[in-house]
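Enquirer: Sharing coords_13.txt below, compact mmCIF, C-alpha atoms:
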# COMPACT_ATOMS: atom_id res chain seq x y z
CA MET A 297 -54.71 104.49 -3.85
CA MET A 298 -57.87 105.96 -5.37
CA ASN A 299 -59.45 108.75 -3.36
CA ARG A 300 -63.15 108.86 -2.48
CA ARG A 301 -64.12 111.49 -5.06
CA ALA A 302 -62.55 109.58 -7.93
CA LEU A 303 -64.21 106.35 -6.77
CA ALA A 304 -67.61 108.05 -6.53
CA GLY A 305 -67.15 109.42 -10.05
CA LEU A 306 -66.40 105.98 -11.47
CA LEU A 307 -69.42 104.47 -9.73
CA PHE A 308 -71.65 107.25 -11.13
CA LEU A 309 -70.39 106.67 -14.68
CA SER A 310 -70.89 102.92 -14.36
CA LEU A 311 -74.61 103.28 -13.58
CA PRO A 312 -77.00 102.30 -16.40
CA MET A 313 -78.95 105.06 -18.17
CA SER A 314 -82.22 103.93 -16.57
CA ALA A 315 -80.75 104.47 -13.11
CA LEU A 316 -79.30 107.85 -14.07
CA ALA A 317 -82.72 108.99 -15.32
CA GLN A 318 -84.23 108.25 -11.91
CA LEU A 319 -81.67 110.31 -10.02
CA LYS A 320 -83.07 113.57 -8.60
CA LEU A 321 -80.52 116.33 -8.87
CA PRO A 322 -80.98 119.50 -6.77
CA GLU A 323 -82.99 122.20 -8.58
CA LEU A 324 -81.03 125.33 -9.43
CA PRO A 325 -82.52 128.65 -8.21
CA SER A 326 -84.06 130.97 -10.79
CA PHE A 327 -82.26 134.08 -12.03
CA GLY A 328 -84.77 136.28 -10.19
CA ALA A 329 -84.16 134.47 -6.91
CA VAL A 330 -80.40 134.92 -7.30
CA MET A 331 -80.82 138.66 -8.00
CA GLU A 332 -82.91 139.05 -4.85
CA GLN A 333 -79.97 137.80 -2.77
CA LEU A 334 -77.45 140.20 -4.29
CA PRO A 335 -76.49 143.32 -2.27
CA PHE A 336 -77.62 145.59 -5.11
CA LYS A 337 -80.96 145.79 -6.89
CA THR A 338 -82.15 147.68 -9.92
CA MET A 339 -83.50 151.09 -8.91
CA GLU A 340 -87.19 151.68 -9.49
CA SER A 341 -86.78 155.03 -11.17
CA THR A 342 -89.07 158.06 -10.96
CA ARG A 343 -88.22 161.11 -13.03
CA ILE A 344 -87.34 164.40 -11.30
CA SER A 345 -88.23 167.58 -13.18
CA MET A 346 -88.32 170.48 -10.71
CA ASP A 347 -88.32 174.19 -11.51
CA ILE A 348 -87.33 176.85 -8.97
CA ARG A 349 -88.31 180.30 -10.19
CA SER A 350 -87.66 183.73 -8.74
CA VAL A 351 -90.79 185.91 -8.64
CA PHE A 352 -91.28 189.57 -7.76
CA GLY A 353 -87.60 190.29 -8.28
CA GLY A 354 -86.39 187.68 -5.82
CA GLN A 355 -88.92 188.48 -3.10
CA GLU A 356 -90.30 184.94 -3.41
CA TYR A 357 -89.37 181.62 -5.01
CA ASP A 358 -91.80 179.10 -6.47
CA ILE A 359 -90.89 175.41 -6.47
CA ARG A 360 -92.82 173.09 -8.77
CA ASP A 361 -92.56 169.49 -9.94
CA SER A 362 -95.74 168.34 -11.67
CA PHE A 363 -94.68 164.67 -11.70
CA ALA A 364 -94.14 164.59 -7.91
CA ARG A 365 -97.09 166.96 -7.30
CA ILE A 366 -94.94 169.52 -5.50
CA ASP A 367 -96.03 173.17 -5.37
CA LEU A 368 -94.21 175.27 -2.77
CA ASN A 369 -93.35 178.88 -2.06
CA VAL A 370 -90.33 180.29 -0.19
CA ARG A 371 -90.28 183.87 1.14
CA PRO A 372 -87.43 185.74 2.84
CA ASP A 373 -88.31 186.87 6.37
CA ALA A 374 -86.74 189.01 9.07
CA GLY A 375 -83.41 188.03 10.59
CA GLY A 376 -82.22 186.19 7.50
CA ARG A 377 -84.93 183.55 7.92
CA TYR A 378 -87.17 182.07 5.24
CA ARG A 379 -90.77 180.91 5.46
CA CYS A 380 -92.06 178.11 3.27
CA SER A 381 -95.50 176.68 2.59
CA GLY A 382 -97.36 174.72 -0.03
CA ASP A 383 -98.50 171.30 -1.14
CA VAL A 384 -96.55 168.04 -1.47
CA ASP A 385 -98.51 165.20 -3.06
CA GLY A 386 -101.74 166.37 -1.45
CA ARG A 387 -100.20 167.05 1.97
CA TYR A 388 -99.80 170.59 3.28
CA LEU A 389 -96.26 171.59 4.26
CA THR A 390 -95.23 174.64 6.23
CA GLY A 391 -92.00 175.52 7.97
CA GLU A 392 -89.27 178.02 8.70
CA ILE A 393 -85.66 177.97 7.57
CA GLU A 394 -83.26 179.82 9.85
CA PRO A 395 -79.55 180.51 9.37
CA TYR A 396 -76.85 179.69 11.89
CA GLY A 397 -73.28 180.44 10.88
CA ASP A 398 -72.82 179.19 7.32
CA SER A 399 -75.61 176.63 7.76
CA PHE A 400 -79.41 176.51 7.72
CA ARG A 401 -82.05 174.61 9.69
CA LEU A 402 -85.57 173.76 8.53
CA TRP A 403 -88.23 173.49 11.24
CA GLY A 404 -91.83 172.48 10.74
CA SER A 405 -94.44 169.81 11.21
CA GLY A 406 -92.58 166.50 10.94
CA LEU A 407 -89.38 168.31 9.89
CA ASN A 408 -86.00 168.75 11.54
CA ILE A 409 -83.42 169.14 8.78
CA ASP A 410 -80.01 170.82 8.62
CA MET A 411 -78.07 171.99 5.60
CA ARG A 412 -74.41 172.44 6.48
CA LYS A 413 -71.62 173.89 4.40
CA TYR A 414 -68.35 172.01 3.98
CA GLY A 415 -65.54 173.95 2.39
CA SER A 416 -66.33 176.21 -0.54
CA ASP A 417 -68.02 173.72 -2.87
CA ARG A 418 -70.14 171.28 -0.86
CA TRP A 419 -73.39 171.32 1.12
CA GLU A 420 -74.91 168.43 3.04
CA ILE A 421 -78.60 168.08 3.91
CA SER A 422 -79.39 165.66 6.74
CA GLY A 423 -82.16 164.92 9.21
CA PHE A 424 -85.49 163.18 9.63
CA VAL A 425 -88.49 163.60 7.35
CA ASP A 426 -92.06 162.55 8.10
CA GLU A 427 -92.93 160.80 4.83
CA ALA A 428 -96.31 159.25 3.97
CA ASP A 429 -94.98 155.79 4.95
CA GLY A 430 -93.23 156.90 8.16
CA SER A 431 -90.22 158.83 9.40
CA LYS A 432 -87.09 158.52 7.25
CA HIS A 433 -83.54 159.77 7.66
CA ILE A 434 -82.07 161.52 4.64
CA SER A 435 -78.51 162.50 3.83
CA ILE A 436 -77.90 164.41 0.60
CA ALA A 437 -74.58 165.90 -0.49
CA LEU A 438 -74.62 168.71 -3.06
CA ARG A 439 -71.23 168.93 -4.77
CA GLN A 440 -70.52 171.97 -6.89
CA ARG A 441 -70.07 171.21 -10.58
CA TRP A 442 -69.11 174.05 -12.94
CA GLY A 443 -69.66 177.06 -10.73
CA PRO A 444 -71.87 178.62 -8.04
CA GLY A 445 -75.44 177.36 -8.12
CA THR A 446 -74.68 174.15 -10.06
CA TYR A 447 -74.46 170.88 -8.14
CA SER A 448 -74.32 167.12 -8.65
CA ILE A 449 -76.09 164.67 -6.33
CA PHE A 450 -75.28 160.95 -6.17
CA GLU A 451 -76.94 159.16 -3.25
CA SER A 452 -78.60 155.81 -2.65
CA GLY A 453 -81.91 156.17 -4.46
CA LEU A 454 -81.15 159.62 -5.86
CA SER A 455 -79.17 160.85 -8.86
CA ALA A 456 -79.72 164.46 -9.93
CA ASP A 457 -78.16 167.68 -11.19
CA VAL A 458 -78.92 171.21 -10.03
CA SER A 459 -78.59 173.83 -12.77
CA ARG A 460 -78.88 177.60 -12.61
CA PHE A 461 -80.33 179.99 -15.19
CA GLY A 462 -79.97 183.59 -14.07
CA LYS A 463 -82.06 183.83 -10.90
CA ASP A 464 -83.87 180.55 -11.61
CA ALA A 465 -82.79 176.96 -11.02
CA SER A 466 -83.83 173.43 -11.91
CA ILE A 467 -83.33 169.95 -10.49
CA SER A 468 -83.39 167.05 -12.95
CA GLY A 469 -82.59 163.37 -12.55
CA ASP A 470 -84.05 160.16 -11.16
CA MET A 471 -85.01 158.83 -7.74
CA ASP A 472 -86.13 155.55 -6.20
CA PRO A 473 -89.48 156.27 -4.49
CA LYS A 474 -88.93 153.37 -2.07
CA ARG A 475 -85.78 155.02 -0.70
CA PHE A 476 -86.40 158.70 -1.32
CA GLY A 477 -89.89 160.16 -0.78
CA LYS A 478 -91.63 163.14 -2.34
CA LYS A 479 -91.38 165.20 0.84
CA SER A 480 -87.62 164.63 0.87
CA LEU A 481 -87.49 165.82 -2.74
CA ALA A 482 -89.51 168.90 -1.76
CA ILE A 483 -87.04 169.65 1.05
CA LEU A 484 -84.17 169.44 -1.43
CA GLY A 485 -86.01 171.99 -3.57
CA LEU A 486 -86.54 174.28 -0.56
CA PHE A 487 -82.85 174.34 0.30
CA VAL A 488 -81.83 174.91 -3.32
CA ALA A 489 -84.26 177.85 -3.38
CA VAL A 490 -82.59 179.23 -0.25
CA LEU A 491 -79.17 178.92 -1.90
CA GLU A 492 -80.56 180.82 -4.89
CA ALA A 493 -82.01 183.51 -2.63
CA GLU A 494 -78.70 183.89 -0.81
CA ALA A 495 -76.83 184.18 -4.12
CA ASP A 496 -79.33 186.77 -5.38
CA LYS A 497 -78.88 189.07 -2.38
CA PRO A 498 -77.18 192.38 -3.20
CA GLN A 499 -73.52 192.16 -2.35
CA PRO A 500 -72.03 194.91 -0.17
CA LYS A 501 -69.82 197.31 -2.03
CA PRO A 502 -66.11 197.15 -1.15
Could the structure of this file be written out as structure tokens, please?

Expert:
Amino acid sequence: MMNRRALAGLLFLSLPMSALAQLKLPELPSFGAVMEQLPFKTMESTRISMDIRSVFGGQEYDIRDSFARIDLNVRPDAGGRYRCSGDVDGRYLTGEIEPYGDSFRLWGSGLNIDMRKYGSDRWEISGFVDEADGSKHISIALRQRWGPGTYSIFESGLSADVSRFGKDASISGDMDPKRFGKKSLAILGLFVAVLEAEADKPQPKP
């Protein structure tokens, strides 16, 4: 006995061409519409080119990224703390970074960020940042690459490498500005500067 699908197929094939031409088949979605429904999307990339330079023999650190309009300064303070101030895309930023154990905490206007150490080769930055388009939570893992002061970062909206040159450092890569704001990038630079400052401290003699 012929099933319903086979019977429907025979009836369709038996229709004259004029009738087939009048049939309205469902319209297929466009490629762009299909891509919008997929769980991943192409990252809108913005270049990261940040320099972190030691000045006055490590008494201060300048952080600059001309593309992101970041110009900051970090200065060691009493009690192992650091003070930071400067400009991020036309917005003034000021704060204080204080140590606790092997970790650091950044306090300031619209800032409450921790950088915690995990093992001997990994740091994680997490907290809330007051970006231009509202408060955002960030979570950035810095994984050591070749040696102290060199890290790789692979996060949603952020792919970068941290390199070290003597007492200076650089951050290069790409970021998605819709997921990762300029203030978040500036905070990453601040913490990398702190890691540089900690590494540059004179080590006690055995």

Enquirer: Would you list the contacts of segment 412-429 of chain A as an NGL selection string, taking every protein, DNA or RNA residue within 9 Å and counting all atoms listed in the file, but skipping same-chain residues closer than 2 positions in sequence?

Expert: :A and (387 or 398-401 or 405-410 or 431-441 or 443-444 or 447 or 477-480 or 483-484 or 487)

Enquirer: Figure out the distance between atom CA of Asp373 of chain A and atom CA of Asp457 of chain A, please, to one decimal in Å.

Expert: 27.9 Å

Enquirer: Kindly give the distance, in Å, that separates atom CA of Phe363 of chain A and atom CA of Val488 of chain A, rounded to a single decimal.

Expert: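 Between atom CA of Phe363 of chain A and atom CA of Val488 of chain A the gap works out to 18.4 Å.
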
Enquirer: Would you pick out the contacts of Asp347 of chain A at 7 Å or less, using all atoms listed in the file, so that residues sharing its chain but fewer than 3 positions from it are not included, and give the list as a ChimeraX atom specification?

Expert: /A:359-361,465-467

Enquirer: Kindly give the distance, in Å, that separates atom CA of Tyr396 of chain A and atom CA of Ser455 of chain A, rounded to a single decimal.

Expert: 28.1 Å

Enquirer: Which is closest to Gly485 of chain A among A:Asp383, A:Val458, A:Glu340, A:Glu451, if we use all atoms listed in the file?

Expert: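 Ranking A:Asp383, A:Val458, A:Glu340, A:Glu451 by distance to Gly485 of chain A, first place goes to A:Val458.
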
Enquirer: Identify, on the basis of all atoms listed in the file, every residue whose closest approach to Asp472 of chain A does not exceed 6 Å; exclude the query and any residue fewer than 2 positions from it along the same chain; express the result as a PyMOL selection string.

Expert: chain A and resi 339-341+453+474-476

Enquirer: As a PDB file with C-alpha atoms, in the coordinates of the input, please: the residues near Lys463 of chain A (cut-off 12 Å, all atoms listed in the file, same-chain neighbours under 6 positions excluded).

Expert:
ATOM      1  CA  ASP A 347     -88.320 174.190 -11.510  1.00  0.00           C
ATOM      2  CA  ILE A 348     -87.330 176.850  -8.970  1.00  0.00           C
ATOM      3  CA  ARG A 349     -88.310 180.300 -10.190  1.00  0.00           C
ATOM      4  CA  SER A 350     -87.660 183.730  -8.740  1.00  0.00           C
ATOM      5  CA  VAL A 351     -90.790 185.910  -8.640  1.00  0.00           C
ATOM      6  CA  PHE A 352     -91.280 189.570  -7.760  1.00  0.00           C
ATOM      7  CA  GLY A 353     -87.600 190.290  -8.280  1.00  0.00           C
ATOM      8  CA  GLY A 354     -86.390 187.680  -5.820  1.00  0.00           C
ATOM      9  CA  GLN A 355     -88.920 188.480  -3.100  1.00  0.00           C
ATOM     10  CA  GLU A 356     -90.300 184.940  -3.410  1.00  0.00           C
ATOM     11  CA  TYR A 357     -89.370 181.620  -5.010  1.00  0.00           C
ATOM     12  CA  ASP A 358     -91.800 179.100  -6.470  1.00  0.00           C
ATOM     13  CA  PRO A 444     -71.870 178.620  -8.040  1.00  0.00           C
ATOM     14  CA  GLY A 445     -75.440 177.360  -8.120  1.00  0.00           C
ATOM     15  CA  VAL A 488     -81.830 174.910  -3.320  1.00  0.00           C
ATOM     16  CA  ALA A 489     -84.260 177.850  -3.380  1.00  0.00           C
ATOM     17  CA  VAL A 490     -82.590 179.230  -0.250  1.00  0.00           C
ATOM     18  CA  LEU A 491     -79.170 178.920  -1.900  1.00  0.00           C
ATOM     19  CA  GLU A 492     -80.560 180.820  -4.890  1.00  0.00           C
ATOM     20  CA  ALA A 493     -82.010 183.510  -2.630  1.00  0.00           C
ATOM     21  CA  GLU A 494     -78.700 183.890  -0.810  1.00  0.00           C
ATOM     22  CA  ALA A 495     -76.830 184.180  -4.120  1.00  0.00           C
ATOM     23  CA  ASP A 496     -79.330 186.770  -5.380  1.00  0.00           C
ATOM     24  CA  LYS A 497     -78.880 189.070  -2.380  1.00  0.00           C
TER      25      LYS A 497
END

Enquirer: Between A:Asp367, A:Glu394, A:Asp470, A:Asp385, which is the closest to Ala456 of chain A once you count all atoms listed in the file?

Expert: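 Using all atoms listed in the file, the shortest distance to Ala456 of chain A belongs to A:Asp470.
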
Enquirer: Which residue, A:Trp442, A:Tyr378, A:Phe461, A:Phe450, has the smallest gap to Ile393 of chain A when you use only C-alpha atoms?

Expert: A:Tyr378

Enquirer: Emit as lines of an AutoDock Vina configuration file the padded axis-aligned box for all listed atoms of segment 427-446 of chain A, 6 Å per side, with centre and edge lengths in Å to one decimal.

Expert:
center_x = -82.7
center_y = 167.2
center_z = -1.8
size_x = 39.2
size_y = 34.8
size_z = 34.3

Enquirer: Given only C-alpha atoms as the basis, pick out the residue of A:Val384, A:Leu402, A:Ile344, A:Val370 nearest to Ala482 of chain A.

Expert: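 Closest to Ala482 of chain A of all the choices is A:Val384.
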
Enquirer: So which residues touch Gly382 of chain A within 8 Å, counting only C-alpha atoms, skipping near sequence neighbours fewer than 6 positions away, as a PyMOL selection string?

Expert: chain A and resi 366-369+388-390

Enquirer: Calculated over only C-alpha atoms, which of the candidates A:Ala374, A:Leu486, A:Met346, A:Met411 has the smallest distance to Ser468 of chain A?

Expert: A:Met346

Enquirer: With all atoms listed in the file as the basis for distance, which of A:Trp403, A:Arg343, A:Gly397, A:Ser362 is at the shortest distance from Arg379 of chain A?

Expert: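 Checking each of A:Trp403, A:Arg343, A:Gly397, A:Ser362 against Arg379 of chain A, counting all atoms listed in the file, the winner is A:Trp403.
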